[in-house]
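*Asks:* Data: final36.cif, mmCIF, C-alpha atoms.
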```cif
data_model
#
loop_
_atom_site.label_atom_id
_atom_site.label_comp_id
_atom_site.auth_asym_id
_atom_site.auth_seq_id
_atom_site.Cartn_x
_atom_site.Cartn_y
_atom_site.Cartn_z
CA MET N 215 42.49 -134.31 0.15
CA LYS N 216 42.43 -133.39 3.84
CA TYR N 217 40.23 -130.31 3.25
CA ALA N 218 37.84 -132.30 1.08
CA LEU N 219 37.42 -134.73 3.97
CA LEU N 220 36.78 -131.84 6.40
CA ILE N 221 34.14 -130.43 4.06
CA ASP N 222 32.44 -133.87 3.85
CA ILE N 223 32.37 -134.09 7.65
CA SER N 224 30.93 -130.57 7.94
CA ARG N 225 28.23 -131.41 5.42
CA ALA N 226 27.39 -134.65 7.25
CA LEU N 227 26.99 -132.78 10.57
CA LEU N 228 24.84 -130.13 8.87
CA LEU N 229 22.49 -132.70 7.34
CA ALA N 230 22.38 -134.78 10.54
CA ARG N 231 20.65 -131.84 12.27
CA TRP N 232 18.94 -130.45 9.20
CA LYS N 233 15.99 -128.92 11.07
CA GLN N 234 18.29 -126.82 13.26
CA THR N 235 20.39 -125.95 10.21
CA LEU N 236 17.25 -124.85 8.36
CA ILE N 237 16.12 -122.64 11.24
CA ALA N 238 19.55 -120.97 11.40
CA ALA N 239 19.61 -120.43 7.63
CA ILE N 240 16.07 -118.99 7.72
CA GLY N 241 17.19 -116.54 10.42
CA VAL N 242 20.06 -115.31 8.24
CA THR N 243 17.85 -115.23 5.14
CA PHE N 244 15.15 -113.19 6.87
CA SER N 245 17.72 -110.75 8.27
CA ILE N 246 19.36 -110.17 4.89
CA THR N 247 15.99 -109.86 3.15
CA MET N 248 14.79 -107.20 5.57
CA PHE N 249 18.16 -105.45 5.52
CA ILE N 250 18.12 -105.11 1.72
CA ALA N 251 14.42 -104.19 1.46
CA LEU N 252 14.57 -101.65 4.29
CA LEU N 253 17.78 -99.99 3.12
CA SER N 254 16.67 -99.86 -0.53
CA PHE N 255 13.33 -98.31 0.41
CA MET N 256 14.77 -95.79 2.90
CA SER N 257 17.52 -94.78 0.48
CA GLY N 258 14.97 -94.31 -2.30
CA LEU N 259 12.82 -92.23 0.05
CA ASN N 260 15.84 -90.08 0.94
CA GLN N 261 16.53 -89.49 -2.74
CA LEU N 262 12.91 -88.48 -3.30
CA LEU N 263 12.83 -86.06 -0.35
CA ASP N 264 16.24 -84.61 -1.16
CA GLY N 265 15.18 -84.15 -4.76
CA LEU N 266 12.31 -81.90 -3.70
CA ILE N 267 14.72 -79.32 -2.32
CA ILE N 268 18.40 -80.17 -2.65
CA ASN N 269 18.34 -81.18 -6.33
CA ARG N 270 16.48 -77.95 -7.10
CA THR N 271 18.99 -75.88 -5.14
CA PRO N 272 22.26 -74.65 -6.68
CA HIS N 273 25.45 -75.82 -5.01
CA ILE N 274 26.42 -72.16 -4.71
CA ARG N 275 24.21 -69.09 -5.16
CA LEU N 276 25.73 -65.68 -5.82
CA TYR N 277 23.55 -62.68 -4.95
CA ASN N 278 23.53 -59.28 -3.27
CA ASP N 279 22.18 -59.51 0.26
CA ILE N 280 20.43 -56.68 2.09
CA LYS N 281 22.71 -55.67 4.95
CA THR N 282 23.76 -52.66 6.93
CA SER N 283 26.87 -50.77 5.97
CA PRO N 284 29.90 -52.02 7.96
CA ALA N 285 31.32 -48.48 8.15
CA GLN N 286 29.04 -45.78 9.59
CA PRO N 287 29.78 -42.05 9.11
CA VAL N 288 30.74 -41.63 12.75
CA THR N 289 33.49 -44.24 12.42
CA VAL N 290 35.14 -42.54 9.44
CA SER N 291 34.76 -38.96 10.64
CA ALA N 292 38.08 -37.36 11.61
CA LYS N 293 36.31 -35.53 14.41
CA PHE N 294 35.34 -38.76 16.20
CA LYS N 295 38.31 -41.00 15.39
CA ALA N 296 39.79 -40.45 18.85
CA VAL N 297 36.59 -41.67 20.54
CA SER N 298 37.05 -45.18 21.95
CA HIS N 299 33.43 -46.34 21.62
CA HIS N 300 30.73 -45.42 19.13
CA PHE N 301 27.13 -46.09 20.06
CA VAL N 302 25.02 -46.21 16.90
CA ARG N 303 21.45 -47.50 17.02
CA SER N 304 18.74 -48.16 14.44
CA VAL N 305 21.22 -48.56 11.61
CA LYS N 306 19.37 -48.93 8.30
CA PRO N 307 20.67 -50.87 5.27
CA LYS N 308 22.02 -48.95 2.31
CA ALA N 309 19.76 -48.39 -0.69
CA GLU N 310 21.49 -50.79 -3.06
CA ARG N 311 20.06 -52.46 -6.12
CA PRO N 312 19.69 -56.27 -5.93
CA GLU N 313 21.29 -56.81 -9.33
CA ILE N 314 24.72 -58.41 -9.68
CA ARG N 315 27.05 -55.95 -11.34
CA ASN N 316 29.19 -57.14 -14.24
CA SER N 317 27.21 -60.38 -14.29
CA ARG N 318 28.23 -61.42 -17.80
CA ALA N 319 31.92 -61.29 -16.99
CA ILE N 320 31.30 -63.28 -13.80
CA ILE N 321 29.36 -65.98 -15.69
CA THR N 322 32.09 -66.21 -18.33
CA ALA N 323 34.76 -66.61 -15.65
CA LEU N 324 32.74 -69.30 -13.85
CA GLN N 325 32.15 -71.25 -17.05
CA LYS N 326 35.92 -71.47 -17.52
CA ASP N 327 36.48 -72.72 -13.96
CA PRO N 328 37.29 -76.49 -13.99
CA THR N 329 35.43 -77.06 -10.70
CA VAL N 330 32.14 -75.70 -12.13
CA LEU N 331 29.75 -78.03 -13.94
CA GLY N 332 27.31 -75.38 -15.07
CA VAL N 333 26.04 -71.84 -14.47
CA ALA N 334 22.45 -70.60 -14.70
CA PRO N 335 21.53 -66.90 -14.30
CA LYS N 336 18.26 -66.04 -12.61
CA LEU N 337 16.14 -62.96 -11.98
CA VAL N 338 13.79 -63.03 -8.99
CA THR N 339 11.19 -60.34 -8.45
CA GLN N 340 8.10 -59.87 -6.33
CA VAL N 341 4.77 -59.35 -8.07
CA PHE N 342 1.04 -59.31 -7.41
CA TYR N 343 -1.21 -61.77 -9.25
CA ASN N 344 -4.41 -59.96 -10.18
CA VAL N 345 -7.59 -61.97 -9.63
CA GLY N 346 -10.41 -59.58 -10.35
CA ALA N 347 -10.15 -56.83 -7.76
CA VAL N 348 -7.94 -58.97 -5.52
CA ARG N 349 -4.15 -58.97 -5.55
CA ILE N 350 -2.23 -62.02 -4.39
CA ASN N 351 1.40 -61.84 -3.36
CA GLY N 352 3.74 -63.85 -5.56
CA ILE N 353 7.27 -64.32 -6.87
CA ILE N 354 8.29 -64.58 -10.50
CA ASN N 355 11.54 -66.33 -11.37
CA GLY N 356 13.17 -65.39 -14.65
CA ILE N 357 15.18 -68.39 -15.85
CA GLN N 358 16.95 -69.89 -18.84
CA PRO N 359 14.78 -73.03 -19.35
CA GLU N 360 17.46 -75.14 -21.04
CA GLN N 361 20.00 -74.47 -18.30
CA GLU N 362 17.41 -75.11 -15.60
CA LYS N 363 16.50 -78.43 -17.26
CA ARG N 364 20.13 -79.51 -17.52
CA LEU N 365 21.30 -78.47 -14.08
CA PHE N 366 18.18 -78.62 -11.89
CA LEU N 367 15.82 -81.04 -13.69
CA PHE N 368 13.24 -78.29 -14.05
CA HIS N 369 11.23 -80.29 -16.62
CA ASN N 370 10.54 -83.02 -14.03
CA TYR N 371 8.42 -80.57 -12.05
CA VAL N 372 6.44 -79.15 -14.98
CA THR N 373 3.23 -81.18 -14.75
CA ALA N 374 1.48 -79.56 -17.72
CA GLY N 375 2.95 -77.91 -20.77
CA HIS N 376 6.66 -77.85 -21.57
CA ALA N 377 9.53 -75.95 -19.98
CA GLY N 378 10.79 -74.90 -23.43
CA ASP N 379 7.54 -73.03 -24.07
CA LEU N 380 8.90 -70.16 -21.97
CA ASP N 381 11.36 -69.41 -24.77
CA ARG N 382 8.97 -70.22 -27.62
CA VAL N 383 5.96 -68.21 -26.39
CA SER N 384 6.47 -64.49 -25.96
CA GLY N 385 5.31 -63.46 -22.49
CA GLY N 386 4.72 -67.07 -21.46
CA ILE N 387 4.48 -68.05 -17.78
CA ILE N 388 4.48 -71.40 -15.97
CA LEU N 389 2.35 -70.97 -12.86
CA GLY N 390 2.75 -72.81 -9.59
CA LYS N 391 -0.11 -75.32 -9.44
CA ASP N 392 -1.57 -73.94 -6.21
CA ILE N 393 -1.65 -70.33 -7.40
CA ALA N 394 -3.07 -71.50 -10.75
CA ASP N 395 -5.91 -73.28 -8.93
CA LYS N 396 -6.54 -70.21 -6.80
CA MET N 397 -6.73 -68.04 -9.92
CA THR N 398 -8.64 -70.74 -11.90
CA ALA N 399 -6.13 -70.10 -14.69
CA ALA N 400 -6.13 -72.69 -17.48
CA ILE N 401 -3.35 -73.23 -20.00
CA GLY N 402 -3.76 -70.69 -22.78
CA ASP N 403 -5.40 -68.10 -20.51
CA VAL N 404 -3.95 -64.62 -20.14
CA ILE N 405 -3.35 -63.41 -16.59
CA TYR N 406 -2.25 -60.02 -15.32
CA VAL N 407 0.52 -59.36 -12.83
CA THR N 408 1.47 -56.08 -11.19
CA THR N 409 5.16 -55.42 -10.65
CA THR N 410 6.85 -53.53 -7.82
CA THR N 411 6.92 -50.48 -10.13
CA ASN N 412 3.09 -50.62 -10.25
CA ALA N 413 3.05 -51.65 -13.92
CA THR N 414 0.41 -54.23 -14.90
CA ILE N 415 1.62 -56.74 -17.49
CA PRO N 416 -0.33 -59.49 -19.33
CA LEU N 417 1.23 -62.99 -19.42
CA LYS N 418 0.05 -66.15 -21.16
CA VAL N 419 -0.14 -69.37 -19.11
CA VAL N 420 1.85 -72.11 -20.91
CA GLY N 421 2.12 -74.68 -18.13
CA TYR N 422 1.92 -75.64 -14.47
CA PHE N 423 4.75 -76.21 -12.03
CA GLN N 424 4.49 -78.46 -8.98
CA SER N 425 7.44 -79.01 -6.66
CA GLY N 426 5.60 -80.95 -3.96
CA LEU N 427 6.03 -78.12 -1.44
CA ARG N 428 2.84 -76.10 -1.11
CA GLU N 429 4.52 -72.98 0.27
CA ILE N 430 6.54 -72.81 -2.98
CA ASP N 431 3.76 -73.72 -5.41
CA GLN N 432 1.33 -71.13 -4.06
CA VAL N 433 3.61 -68.15 -4.72
CA ASN N 434 6.24 -69.09 -7.32
CA SER N 435 5.93 -68.91 -11.09
CA TYR N 436 8.47 -69.01 -13.91
CA VAL N 437 9.08 -66.94 -17.02
CA SER N 438 12.05 -66.62 -19.34
CA ILE N 439 14.77 -64.32 -18.08
CA SER N 440 14.15 -61.91 -20.96
CA THR N 441 10.44 -61.69 -20.04
CA ALA N 442 11.34 -60.97 -16.42
CA GLN N 443 13.67 -58.18 -17.54
CA LYS N 444 10.88 -56.67 -19.62
CA LEU N 445 8.51 -56.86 -16.63
CA LEU N 446 10.90 -54.68 -14.64
CA GLY N 447 11.99 -52.52 -17.56
CA LYS N 448 15.59 -53.59 -17.12
CA PRO N 449 18.38 -54.24 -19.65
CA SER N 450 19.45 -57.73 -20.73
CA SER N 451 22.39 -57.67 -18.31
CA TYR N 452 20.12 -57.30 -15.27
CA ILE N 453 20.07 -60.48 -13.09
CA THR N 454 19.75 -60.97 -9.33
CA ASP N 455 21.16 -64.47 -8.88
CA ILE N 456 23.87 -66.66 -10.39
CA GLN N 457 23.26 -70.35 -9.72
CA ILE N 458 26.29 -72.64 -9.78
CA LYS N 459 26.42 -76.43 -10.01
CA LEU N 460 29.81 -77.92 -9.08
CA ARG N 461 31.42 -81.15 -10.18
CA ASP N 462 31.87 -82.06 -6.51
CA ILE N 463 29.18 -80.85 -4.10
CA ASN N 464 31.56 -81.23 -1.15
CA ASP N 465 33.62 -78.31 -2.48
CA ALA N 466 30.66 -75.93 -2.11
CA PRO N 467 31.49 -74.38 1.33
CA LEU N 468 35.09 -73.63 0.37
CA LEU N 469 34.32 -72.33 -3.12
CA ALA N 470 31.41 -70.20 -1.90
CA GLY N 471 33.79 -68.13 0.20
CA LEU N 472 36.32 -68.01 -2.63
CA PHE N 473 33.78 -66.82 -5.22
CA SER N 474 32.33 -64.27 -2.78
CA ARG N 475 35.72 -62.63 -2.31
CA ARG N 476 36.70 -62.94 -5.97
CA PHE N 477 33.55 -61.34 -7.40
CA SER N 478 32.62 -59.06 -4.44
CA VAL N 479 29.14 -60.57 -4.03
CA ASP N 480 27.39 -62.56 -1.34
CA ALA N 481 27.44 -66.36 -1.66
CA ILE N 482 25.70 -69.22 0.11
CA ASP N 483 26.46 -72.93 -0.30
CA ILE N 484 23.97 -75.78 -0.41
CA GLN N 485 25.17 -77.32 2.85
CA THR N 486 24.43 -74.11 4.75
CA GLU N 487 21.12 -73.42 3.02
CA ASN N 488 19.72 -76.95 3.36
CA SER N 489 21.45 -78.36 6.44
CA GLN N 490 18.15 -79.54 7.96
CA TYR N 491 17.40 -81.78 4.96
CA GLU N 492 20.85 -83.36 5.00
CA THR N 493 20.48 -84.01 8.72
CA GLY N 494 17.12 -85.74 8.17
CA SER N 495 18.54 -87.93 5.39
CA SER N 496 21.52 -88.93 7.53
CA ILE N 497 19.31 -89.87 10.46
CA ARG N 498 16.96 -91.95 8.30
CA SER N 499 19.91 -93.80 6.74
CA LEU N 500 21.45 -94.38 10.17
CA ILE N 501 18.19 -95.86 11.47
CA SER N 502 17.96 -98.18 8.45
CA TYR N 503 21.51 -99.45 8.91
CA ALA N 504 20.98 -99.87 12.66
CA VAL N 505 17.80 -101.94 12.22
CA GLY N 506 19.36 -104.12 9.50
CA ILE N 507 22.55 -104.77 11.46
CA THR N 508 20.52 -105.57 14.58
CA LEU N 509 18.63 -108.23 12.63
CA LEU N 510 21.91 -109.76 11.45
CA VAL N 511 23.36 -109.78 14.97
CA VAL N 512 20.24 -111.49 16.31
CA ALA N 513 20.57 -114.13 13.57
CA GLY N 514 24.22 -114.56 14.59
CA PHE N 515 23.23 -115.34 18.17
CA GLY N 516 20.81 -117.95 16.83
CA ILE N 517 23.63 -119.67 14.94
CA TYR N 518 25.85 -119.44 18.01
CA ASN N 519 23.25 -121.21 20.16
CA ILE N 520 22.62 -123.91 17.55
CA LEU N 521 26.34 -124.68 17.18
CA ASN N 522 26.77 -124.78 20.93
CA MET N 523 23.98 -127.36 21.18
CA MET N 524 25.47 -129.31 18.27
CA ILE N 525 28.88 -129.45 19.97
CA TYR N 526 27.30 -130.63 23.22
CA GLU N 527 25.41 -133.38 21.37
CA LYS N 528 28.44 -134.36 19.25
CA MET N 529 30.98 -134.69 22.07
CA ASP N 530 31.46 -138.37 21.25
CA SER N 531 31.99 -137.67 17.54
CA ILE N 532 34.47 -134.93 18.29
CA ALA N 533 36.38 -137.18 20.70
CA ILE N 534 36.54 -139.95 18.08
CA LEU N 535 37.76 -137.49 15.44
CA LYS N 536 40.56 -136.29 17.70
CA ALA N 537 41.42 -139.82 18.82
CA THR N 538 41.79 -140.92 15.19
CA GLY N 539 44.30 -138.18 14.37
CA PHE N 540 42.31 -135.02 13.67
CA SER N 541 43.92 -131.98 15.28
CA GLY N 542 42.19 -129.23 17.21
CA MET N 543 42.57 -126.96 14.16
CA ASP N 544 40.79 -129.56 12.02
CA VAL N 545 37.87 -129.66 14.42
CA LYS N 546 37.79 -125.85 14.47
CA LEU N 547 37.69 -125.78 10.66
CA ILE N 548 34.81 -128.29 10.62
CA PHE N 549 32.54 -126.22 12.86
CA THR N 550 33.62 -122.92 11.34
CA GLY N 551 32.75 -124.41 7.95
CA ILE N 552 29.31 -125.31 9.27
CA ALA N 553 28.72 -121.68 10.33
CA ALA N 554 30.11 -120.36 7.03
CA GLY N 555 27.86 -122.72 5.07
CA ILE N 556 24.79 -121.50 6.94
CA GLY N 557 25.83 -117.86 6.50
CA ILE N 558 26.68 -118.05 2.80
CA LEU N 559 23.64 -120.10 1.83
CA GLY N 560 21.25 -118.01 3.93
CA GLY N 561 22.93 -114.79 2.75
CA LEU N 562 22.64 -115.60 -0.96
CA ILE N 563 18.98 -116.58 -0.64
CA GLY N 564 18.40 -113.44 1.44
CA LEU N 565 19.92 -111.25 -1.27
CA LEU N 566 17.61 -112.75 -3.88
CA LEU N 567 14.55 -112.38 -1.66
CA GLY N 568 15.62 -108.84 -0.73
CA PHE N 569 15.83 -107.93 -4.40
CA GLY N 570 12.41 -109.47 -4.94
CA ALA N 571 10.98 -107.52 -2.00
CA SER N 572 12.47 -104.30 -3.42
CA LEU N 573 10.86 -105.01 -6.79
CA LEU N 574 7.55 -105.60 -5.03
CA ILE N 575 7.78 -102.32 -3.11
CA ASP N 576 8.70 -100.54 -6.35
CA GLN N 577 5.37 -101.68 -7.87
CA VAL N 578 3.14 -100.55 -4.99
CA PRO N 579 1.10 -97.51 -6.13
CA PHE N 580 1.96 -94.26 -4.38
CA GLU N 581 -0.07 -91.39 -5.76
CA THR N 582 -0.49 -88.04 -4.07
CA SER N 583 -1.60 -84.70 -5.44
CA SER N 584 1.50 -82.99 -4.03
CA LEU N 585 3.86 -85.27 -5.99
CA PRO N 586 2.19 -85.87 -9.36
CA THR N 587 5.35 -87.24 -11.02
CA ILE N 588 5.68 -90.05 -8.44
CA LYS N 589 3.54 -93.11 -9.23
CA THR N 590 5.06 -95.85 -7.01
CA TYR N 591 7.09 -96.03 -3.80
CA PRO N 592 10.73 -95.00 -4.41
CA VAL N 593 13.41 -97.73 -4.24
CA ASN N 594 17.18 -97.47 -4.69
CA TYR N 595 18.84 -100.59 -6.18
CA ASN N 596 22.37 -99.63 -5.16
CA PRO N 597 24.71 -102.69 -5.49
CA VAL N 598 26.62 -101.45 -2.44
CA PHE N 599 23.67 -102.45 -0.23
CA TYR N 600 23.87 -106.04 -1.47
CA LEU N 601 27.64 -106.14 -0.97
CA ILE N 602 27.34 -104.77 2.57
CA GLY N 603 24.55 -107.26 3.40
CA PHE N 604 26.49 -110.28 2.14
CA VAL N 605 29.80 -109.30 3.76
CA PHE N 606 28.13 -108.55 7.08
CA SER N 607 26.14 -111.81 7.04
CA ALA N 608 29.32 -113.79 6.32
CA ALA N 609 31.23 -111.95 9.05
CA THR N 610 28.43 -112.33 11.60
CA THR N 611 27.96 -116.05 11.01
CA PHE N 612 31.73 -116.65 11.02
CA LEU N 613 32.07 -115.01 14.43
CA ALA N 614 28.99 -116.90 15.65
CA GLY N 615 30.67 -120.17 14.64
CA TYR N 616 34.21 -119.31 15.67
CA PHE N 617 33.72 -119.37 19.43
CA PRO N 618 31.84 -122.71 19.57
CA ALA N 619 34.44 -124.12 17.14
CA ARG N 620 37.25 -123.00 19.41
CA LYS N 621 35.50 -124.69 22.31
CA ALA N 622 35.17 -127.91 20.30
CA SER N 623 38.87 -127.84 19.34
CA ARG N 624 39.87 -127.85 23.04
CA ILE N 625 37.90 -130.98 23.98
CA ASP N 626 40.12 -133.68 25.48
CA PRO N 627 39.12 -136.99 23.85
CA VAL N 628 40.52 -139.04 26.75
CA ILE N 629 38.17 -137.39 29.25
CA ILE N 630 35.14 -137.88 26.97
CA ILE N 631 35.89 -141.54 26.22
CA ARG N 632 36.76 -142.31 29.85
CA GLY N 633 33.48 -140.72 30.96
CA LYS N 634 31.60 -142.96 28.58
#
```
Let me see whether you can do it: turn the structure in this file into structure tokens.

*Replies:*
Amino acid sequence: MKYALLIDISRALLLARWKQTLIAAIGVTFSITMFIALLSFMSGLNQLLDGLIINRTPHIRLYNDIKTSPAQPVTVSAKFKAVSHHFVRSVKPKAERPEIRNSRAIITALQKDPTVLGVAPKLVTQVFYNVGAVRINGIINGIQPEQEKRLFLFHNYVTAGHAGDLDRVSGGIILGKDIADKMTAAIGDVIYVTTTTNATIPLKVVGYFQSGLREIDQVNSYVSISTAQKLLGKPSSYITDIQIKLRDINDAPLLAGLFSRRFSVDAIDIQTENSQYETGSSIRSLISYAVGITLLVVAGFGIYNILNMMIYEKMDSIAILKATGFSGMDVKLIFTGIAAGIGILGGLIGLLLGFGASLLIDQVPFETSSLPTIKTYPVNYNPVFYLIGFVFSAATTFLAGYFPARKASRIDPVIIIRGK
């Protein structure tokens, strides 16, 4: 009964100054709306940018790196073992083949590992694209299309043709869009590439690939792994890379070192290879949160000022309440309830308007030749954003109302009435 009466009093004070209440609620609503719209848009943009590189990158890549031999002849010679210092200059790397030895056994072992989501072998080789009498530098990637589609969403970047055509068409190739334009190669045309062994091989264009990064699209093309092995005249066991997708990406740095030692190959994790992209995403997210929280804090100061003015104008009412038996805690609950009412009402409306603004942004056309699969601006409708916005708006408005409410609870009714 008592709390129902306190709620009625809070509502009466809110409606008595409804214009000020409306302004405060609009401030909270605007802050929440902008918080949700900004965070949803920036998060969607981060996902888009990360997808261009990070989603196309294995969590761990096993390969054989080109490096100098750690033990030089002078260090193992019995004649020079007693020498304290060896000065060796112009050390050249050993002539080692780039293939991963015993690759099938390694893939089988990885597929049985519970931390591994999937494994995709790959063969990368340099070639020359022949355009008349001109040769253009390029890279051909031999892949397993189905594994690339499952683990790295390869089909999302094939803008013409189908990724599965690499397996269905003998000698098929999916060209990077930029190199295809440079060669004026249409789907169905036969192009010629020259390998590092100086063999010229015909390949049939079955599609175009466009990642959104021009430096990739103007050199890279894709064939089936068996076609790549035939280009180089290598057996079916010949591969240069093993791409690994983990169940938890955060395990990549630790497992990369473990796999490198276990299989005696070089390994690099996604965090090391793409640290600059993760840094950019973190900074953009941080800026979004900072701007949204700043808006909410500014709205909180507005509520604080309005409640302070309300308390100053309602000194008589507060004195009468306390003189008729209401305690300081009751008065505090009344004004805290006013702040909470403004925060909850403004927050809920702000969430709805924020969702509407996100839907609007999601419909705005965004077409660029570098990203043909993207038609509208990216938006992320993560429910966590709405939860954070509502909780923070409630907390901000509560704190904005708490201090004026505490001030009101300490008013001495005798002094107020005697002054009047």

*Asks:* Report the distance between atom CA of N:Arg275 and atom CA of N:Lys448 in Å, rounded to one decimal place.

*Replies:* 21.4 Å

*Asks:* Identify, on the basis of only C-alpha atoms, every residue whose closest approach to N:Glu429 does not exceed 12 Å; exclude the query and any residue fewer than 3 positions from it along the same chain; express the result as a ChimeraX atom specification.

*Replies:* /N:352-353,390-393,424-426,432-434,584

*Asks:* Interatomic distance between atom CA of N:Ile387 and atom CA of N:Val348?

*Replies:*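 Here the two named atoms are 19.7 Å from each other.
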
*Asks:* Identify which of the residues N:Leu574, N:Leu276, N:Leu389, N:Val419 lies closest to N:Asp483, counting all atoms listed in the file when measuring atom-to-atom distances.

*Replies:* N:Leu276

*Asks:* Excluding same-chain residues fewer than 5 positions from stretch 245-250 of chain N, what lies within 9 Å of it counting only C-alpha atoms, as a ChimeraX atom specification?

*Replies:* /N:240,255,502-503,505-513,560-572,599-600,603-604,607

*Asks:* Write the residues of the preceding selection, restricted to C-alpha atoms, as a PDB file, in the coordinates of the input.

*Replies:*
```pdb
ATOM      1  CA  ILE N 240      16.070-118.990   7.720  1.00  0.00           C
ATOM      2  CA  PHE N 255      13.330 -98.310   0.410  1.00  0.00           C
ATOM      3  CA  SER N 502      17.960 -98.180   8.450  1.00  0.00           C
ATOM      4  CA  TYR N 503      21.510 -99.450   8.910  1.00  0.00           C
ATOM      5  CA  VAL N 505      17.800-101.940  12.220  1.00  0.00           C
ATOM      6  CA  GLY N 506      19.360-104.120   9.500  1.00  0.00           C
ATOM      7  CA  ILE N 507      22.550-104.770  11.460  1.00  0.00           C
ATOM      8  CA  THR N 508      20.520-105.570  14.580  1.00  0.00           C
ATOM      9  CA  LEU N 509      18.630-108.230  12.630  1.00  0.00           C
ATOM     10  CA  LEU N 510      21.910-109.760  11.450  1.00  0.00           C
ATOM     11  CA  VAL N 511      23.360-109.780  14.970  1.00  0.00           C
ATOM     12  CA  VAL N 512      20.240-111.490  16.310  1.00  0.00           C
ATOM     13  CA  ALA N 513      20.570-114.130  13.570  1.00  0.00           C
ATOM     14  CA  GLY N 560      21.250-118.010   3.930  1.00  0.00           C
ATOM     15  CA  GLY N 561      22.930-114.790   2.750  1.00  0.00           C
ATOM     16  CA  LEU N 562      22.640-115.600  -0.960  1.00  0.00           C
ATOM     17  CA  ILE N 563      18.980-116.580  -0.640  1.00  0.00           C
ATOM     18  CA  GLY N 564      18.400-113.440   1.440  1.00  0.00           C
ATOM     19  CA  LEU N 565      19.920-111.250  -1.270  1.00  0.00           C
ATOM     20  CA  LEU N 566      17.610-112.750  -3.880  1.00  0.00           C
ATOM     21  CA  LEU N 567      14.550-112.380  -1.660  1.00  0.00           C
ATOM     22  CA  GLY N 568      15.620-108.840  -0.730  1.00  0.00           C
ATOM     23  CA  PHE N 569      15.830-107.930  -4.400  1.00  0.00           C
ATOM     24  CA  GLY N 570      12.410-109.470  -4.940  1.00  0.00           C
ATOM     25  CA  ALA N 571      10.980-107.520  -2.000  1.00  0.00           C
ATOM     26  CA  SER N 572      12.470-104.300  -3.420  1.00  0.00           C
ATOM     27  CA  PHE N 599      23.670-102.450  -0.230  1.00  0.00           C
ATOM     28  CA  TYR N 600      23.870-106.040  -1.470  1.00  0.00           C
ATOM     29  CA  GLY N 603      24.550-107.260   3.400  1.00  0.00           C
ATOM     30  CA  PHE N 604      26.490-110.280   2.140  1.00  0.00           C
ATOM     31  CA  SER N 607      26.140-111.810   7.040  1.00  0.00           C
TER      32      SER N 607
END
```

*Asks:* Using Å and a single decimal, report how far atom CA of N:Met523 sits from atom CA of N:Thr610.

*Replies:*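 Taking atom CA of N:Thr610 and atom CA of N:Met523, their separation equals 18.4 Å.
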
*Asks:* I'd like to know which of N:Asn488, N:Pro359, N:Gly402, N:Leu573 is closest to N:His376, using all atoms listed in the file.

*Replies:*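 Using all atoms listed in the file, N:His376 sits closest to N:Pro359.
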
*Asks:* Can you tell me, as an mmCIF file with C-alpha atoms, in the frame of the given file, what residues are no more than 9 Å from N:Phe366 when counting all atoms listed in the file, ignoring any on the same chain fewer than 3 positions away?

*Replies:*
```
data_model
loop_
_atom_site.group_PDB
_atom_site.id
_atom_site.type_symbol
_atom_site.label_atom_id
_atom_site.label_comp_id
_atom_site.auth_asym_id
_atom_site.auth_seq_id
_atom_site.Cartn_x
_atom_site.Cartn_y
_atom_site.Cartn_z
ATOM 1 C CA ASN N 269 18.340 -81.180 -6.330
ATOM 2 C CA ARG N 270 16.480 -77.950 -7.100
ATOM 3 C CA THR N 271 18.990 -75.880 -5.140
ATOM 4 C CA PRO N 272 22.260 -74.650 -6.680
ATOM 5 C CA GLN N 361 20.000 -74.470 -18.300
ATOM 6 C CA GLU N 362 17.410 -75.110 -15.600
ATOM 7 C CA LYS N 363 16.500 -78.430 -17.260
ATOM 8 C CA HIS N 369 11.230 -80.290 -16.620
ATOM 9 C CA LYS N 459 26.420 -76.430 -10.010
#
```

*Asks:* Nearest residue to N:Tyr406 out of N:Asp455, N:Ile439, N:Phe342, N:Leu236, using all atoms listed in the file?

*Replies:*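 Checking each candidate against N:Tyr406, we get N:Phe342 as the closest.
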
*Asks:* Taking all atoms listed in the file into account, which of N:Ile268, N:Leu417, N:Val479, N:Ile556 comes nearest N:Leu380?

*Replies:* N:Leu417

*Asks:* Counting only C-alpha atoms, which residue out of N:Val407, N:Val420, N:Val338, N:Leu446 sits closest to N:Gly375?

*Replies:*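 Result for the nearest residue to N:Gly375: N:Val420.
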
*Asks:* Using all atoms listed in the file, which residue out of N:Thr409, N:Thr454, N:Thr373, N:Ser541 lies closest to N:Arg315?

*Replies:*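 Among N:Thr409, N:Thr454, N:Thr373, N:Ser541, it is N:Thr454 that comes nearest to N:Arg315.
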
*Asks:* Would you kindly identify which residues have an atom no farther than 7 Å from (32.4, -83.2, -11.0), using all atoms listed in the file and the file's own coordinates, and write them out as a list in words?

*Replies:*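 The residues that fall inside the cut-off are Thr329, Leu331, Leu460, Arg461 and Asp462 of chain N.
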
*Asks:* Using the selection just defined, write its residues with C-alpha atoms as a short mmCIF file (atom, residue, chain, number, x, y, z; two decimals), in the coordinates of the input.

*Replies:*
```cif
data_model
loop_
_atom_site.label_atom_id
_atom_site.label_comp_id
_atom_site.auth_asym_id
_atom_site.auth_seq_id
_atom_site.Cartn_x
_atom_site.Cartn_y
_atom_site.Cartn_z
CA THR N 329 35.43 -77.06 -10.70
CA LEU N 331 29.75 -78.03 -13.94
CA LEU N 460 29.81 -77.92 -9.08
CA ARG N 461 31.42 -81.15 -10.18
CA ASP N 462 31.87 -82.06 -6.51
#
```

*Asks:* For N:Gly356, please output as a PyMOL selection string all residues within 8 Å (counting all atoms listed in the file; exclusion window: fewer than 2 positions along the same chain).

*Replies:* chain N and resi 336-338+354+358+436-443
